[in-house]
$ cat my_file25.csv   # CSV, C-alpha atoms
chain,number,residue,atom,x,y,z
A,1,MET,CA,9.1,-8.7,-3.0
A,2,LYS,CA,9.2,-6.7,-6.2
A,3,ASN,CA,11.6,-9.3,-7.8
A,4,PHE,CA,9.4,-12.2,-6.8
A,5,LYS,CA,6.3,-10.5,-8.3
A,6,TYR,CA,8.2,-9.7,-11.5
A,7,SER,CA,9.3,-13.4,-11.7
A,8,MET,CA,5.8,-14.6,-11.2
A,9,GLU,CA,4.4,-12.3,-13.9
A,10,LYS,CA,7.2,-13.1,-16.3
A,11,SER,CA,6.9,-16.9,-15.8
A,12,PHE,CA,3.1,-16.6,-16.4
A,13,GLU,CA,3.7,-14.7,-19.7
A,14,ASN,CA,6.2,-17.4,-20.8
A,15,MET,CA,3.8,-20.2,-19.8
A,16,VAL,CA,1.0,-18.6,-21.8
A,17,LYS,CA,3.3,-18.2,-24.8
A,18,GLU,CA,4.4,-21.9,-24.6
A,19,ILE,CA,0.9,-23.2,-24.2
A,20,ASP,CA,-0.4,-21.2,-27.1
A,21,GLU,CA,2.5,-22.3,-29.3
A,22,VAL,CA,2.2,-26.0,-28.5
A,23,LEU,CA,-1.6,-26.1,-28.8
A,24,ASN,CA,-1.3,-24.6,-32.3
A,25,LEU,CA,0.5,-27.8,-33.4
A,26,SER,CA,-1.7,-30.6,-34.7
A,27,ASN,CA,0.2,-33.1,-32.7
A,28,TYR,CA,3.0,-32.5,-30.2
A,29,SER,CA,6.1,-34.5,-29.4
A,30,ASP,CA,7.8,-35.4,-26.1
A,31,GLU,CA,9.8,-32.2,-26.6
A,32,GLU,CA,6.7,-30.1,-26.7
A,33,ARG,CA,5.3,-32.0,-23.7
A,34,SER,CA,8.5,-31.2,-21.8
A,35,ARG,CA,8.2,-27.5,-22.8
A,36,LEU,CA,4.7,-27.5,-21.3
A,37,PHE,CA,5.8,-29.3,-18.1
A,38,TYR,CA,8.7,-26.9,-17.7
A,39,SER,CA,6.7,-23.7,-18.3
A,40,CYS,CA,3.7,-24.8,-16.2
A,41,GLY,CA,5.9,-26.0,-13.4
A,42,SER,CA,8.0,-22.9,-13.4
A,43,CYS,CA,4.9,-20.7,-13.2
A,44,LEU,CA,3.6,-22.8,-10.4
A,45,HIS,CA,6.9,-22.5,-8.5
A,46,CYS,CA,7.0,-18.7,-9.0
A,47,ILE,CA,3.4,-18.4,-7.8
A,48,MET,CA,4.2,-20.3,-4.7
A,49,ASP,CA,7.4,-18.1,-4.1
A,50,VAL,CA,5.1,-15.1,-3.8
A,51,ALA,CA,2.2,-16.9,-2.0
A,52,GLU,CA,4.6,-18.0,0.8
A,53,ARG,CA,5.1,-14.4,1.7
A,54,ILE,CA,1.4,-13.4,1.9
A,55,ASN,CA,-1.1,-13.9,4.7
A,56,PHE,CA,-4.3,-14.8,2.8
A,57,LEU,CA,-7.8,-14.2,4.1
A,58,ASN,CA,-10.9,-16.3,3.7
A,59,GLU,CA,-11.6,-17.8,0.2
A,60,ASP,CA,-8.3,-16.6,-1.1
A,61,ARG,CA,-6.5,-18.9,1.4
A,62,GLY,CA,-8.4,-21.9,0.0
A,63,TYR,CA,-7.7,-21.0,-3.7
A,64,ILE,CA,-4.0,-20.7,-3.0
A,65,SER,CA,-4.0,-23.9,-1.0
A,66,ALA,CA,-5.0,-25.7,-4.2
A,67,PHE,CA,-1.7,-24.5,-5.8
A,68,ARG,CA,0.2,-25.6,-2.7
A,69,PHE,CA,-1.1,-29.1,-3.3
A,70,ALA,CA,-0.1,-29.1,-7.0
A,71,ASN,CA,3.3,-27.7,-6.0
A,72,ASN,CA,3.8,-30.3,-3.3
A,73,MET,CA,2.8,-33.1,-5.6
A,74,LEU,CA,5.2,-31.8,-8.2
A,75,LYS,CA,8.1,-31.6,-5.7
A,76,HIS,CA,7.6,-34.7,-3.6
A,77,ASP,CA,5.7,-37.3,-5.6
A,78,LYS,CA,8.1,-39.4,-7.5
A,79,GLU,CA,5.3,-41.0,-9.5
A,80,LEU,CA,4.0,-37.7,-10.8
A,81,PHE,CA,5.1,-37.1,-14.4
A,82,GLU,CA,2.6,-34.4,-15.4
A,83,ILE,CA,0.3,-32.0,-13.6
A,84,THR,CA,-1.6,-31.0,-16.7
A,85,ILE,CA,-3.6,-32.6,-19.5
A,86,SER,CA,-4.5,-31.4,-23.0
A,87,THR,CA,-8.1,-31.3,-23.9
A,88,GLY,CA,-10.2,-30.3,-26.9
A,89,GLY,CA,-9.5,-30.3,-30.6
A,90,MET,CA,-10.8,-32.8,-33.1
A,91,THR,CA,-11.3,-36.4,-32.0
A,92,PHE,CA,-12.5,-39.5,-33.8
A,93,PRO,CA,-15.0,-41.0,-34.2
A,94,MET,CA,-16.9,-37.8,-34.9
A,95,VAL,CA,-20.4,-37.3,-33.6
A,96,PHE,CA,-22.9,-35.0,-35.2
A,97,PRO,CA,-23.9,-32.3,-34.6
A,98,LEU,CA,-20.1,-31.6,-34.6
A,99,THR,CA,-18.8,-29.5,-31.8
A,100,ILE,CA,-15.1,-28.9,-31.5
A,101,GLU,CA,-14.0,-28.2,-28.0
A,102,LYS,CA,-11.3,-25.5,-27.6
A,103,ARG,CA,-7.9,-27.1,-27.0
A,104,GLU,CA,-6.5,-26.3,-23.6
A,105,ILE,CA,-4.0,-27.3,-21.0
A,106,ARG,CA,-5.9,-28.2,-17.9
A,107,TRP,CA,-5.0,-29.4,-14.4
A,108,LYS,CA,-5.3,-33.2,-14.3
A,109,LYS,CA,-6.8,-35.4,-11.6
A,110,LEU,CA,-4.2,-36.0,-9.0
A,111,ILE,CA,-4.2,-38.8,-6.4
A,112,ASP,CA,-4.7,-37.8,-2.7
A,113,ASN,CA,-1.6,-39.0,-1.0
A,114,GLY,CA,-3.1,-38.4,2.4
A,115,LYS,CA,-0.4,-35.9,3.4
A,116,TYR,CA,-2.3,-32.7,2.6
A,117,PRO,CA,-6.0,-33.4,2.9
A,118,ASN,CA,-7.2,-29.8,2.9
A,119,GLN,CA,-4.9,-28.9,0.1
A,120,TYR,CA,-6.2,-31.9,-1.9
A,121,LEU,CA,-9.9,-30.9,-1.3
A,122,ASN,CA,-9.0,-27.3,-2.5
A,123,TYR,CA,-7.2,-28.7,-5.6
A,124,GLU,CA,-10.3,-30.8,-6.4
A,125,LYS,CA,-12.5,-27.7,-5.9
A,126,TYR,CA,-10.5,-25.0,-7.7
A,127,LEU,CA,-8.0,-26.6,-10.1
A,128,LYS,CA,-8.8,-30.1,-11.3
A,129,GLY,CA,-10.1,-30.0,-14.8
A,130,ASN,CA,-9.8,-26.2,-15.2
A,131,PRO,CA,-7.6,-24.4,-17.6
A,132,VAL,CA,-4.1,-23.8,-16.3
A,133,LYS,CA,-3.9,-20.3,-17.9
A,134,ASP,CA,-7.1,-19.1,-16.3
A,135,THR,CA,-6.4,-20.5,-12.8
A,136,CYS,CA,-2.9,-19.2,-12.7
A,137,ARG,CA,-4.1,-15.7,-13.8
A,138,LYS,CA,-6.7,-15.8,-11.1
A,139,ALA,CA,-4.0,-16.7,-8.5
A,140,ILE,CA,-1.8,-13.9,-9.6
A,141,ASP,CA,-4.7,-11.4,-9.5
A,142,ILE,CA,-5.5,-12.6,-6.0
A,143,MET,CA,-1.9,-12.1,-4.8
A,144,ASN,CA,-1.7,-8.7,-6.5
A,145,LYS,CA,-4.6,-7.5,-4.3
A,146,TYR,CA,-2.4,-8.2,-1.2
A,147,LEU,CA,0.7,-6.6,-2.8
A,148,GLU,CA,-0.8,-3.2,-3.6
$ encode --input "my_file25.csv" --output "structure tokens"
Amino acid sequence: MKNFKYSMEKSFENMVKEIDEVLNLSNYSDEERSRLFYSCGSCLHCIMDVAERINFLNEDRGYISAFRFANNMLKHDKELFEITISTGGMTFPMVFPLTIEKREIRWKKLIDNGKYPNQYLNYEKYLKGNPVKDTCRKAIDIMNKYLE
């Protein structure tokens, strides 16, 4: 289990680094989008590698279930090209008073394919529209409670 935990933490660190680097660019190319997809997807897979080995209780079970839905969609939905969206930054036309939302990579709205209804509801509740870095960190923190 120690190696799985290490992989999960390391993939999270790499994902955060990639997200921060890409979001510092004013615009990003298909290459940068691919880097984001790779790093977010790798982190998601590593989180699930650890999660499959833990018997979660109560609310923790629902939170991790949301990640199961994202992972299942990533693995099995041939129409799924991205699991994240970029938000924030400057947009036009500008409206005053000017507020510039922080640029973030967030979980995007996914379509309920009917195969995992509870997972989909948990995805909607816990992940959709929320920052990927924050939600992944929380999932890792939850799992670390069970691994101590």
$ closest_residue --input "my_file25.csv" --among "A:Lys115, A:Arg103, A:Lys138, A:Lys108" --to "Ile19 of chain A" --atoms "only C-alpha atoms"
A:Arg103
$ closest_residue --input "my_file25.csv" --among "A:Leu25, A:Leu121, A:Leu74, A:Ala139" --to "Ala51 of chain A" --atoms "only C-alpha atoms"
A:Ala139
$ closest_residue --input "my_file25.csv" --among "A:Asn24, A:Asn118, A:Val50, A:Tyr146" --to "Asn3 of chain A" --atoms "only C-alpha atoms"
A:Val50
$ closest_residue --input "my_file25.csv" --among "A:Lys109, A:Arg35, A:Lys75, A:Arg61" --to "Val16 of chain A" --atoms "all atoms listed in the file"
A:Arg35
$ closest_residue --input "my_file25.csv" --among "A:Lys125, A:His76, A:Arg137, A:Lys17" --to "Tyr63 of chain A" --atoms "only C-alpha atoms"
A:Lys125
$ atom_distance --input "my_file25.csv" --atom1 "atom CA of Ile111 of chain A" --atom2 "atom CA of Asp134 of chain A"
22.2 Å
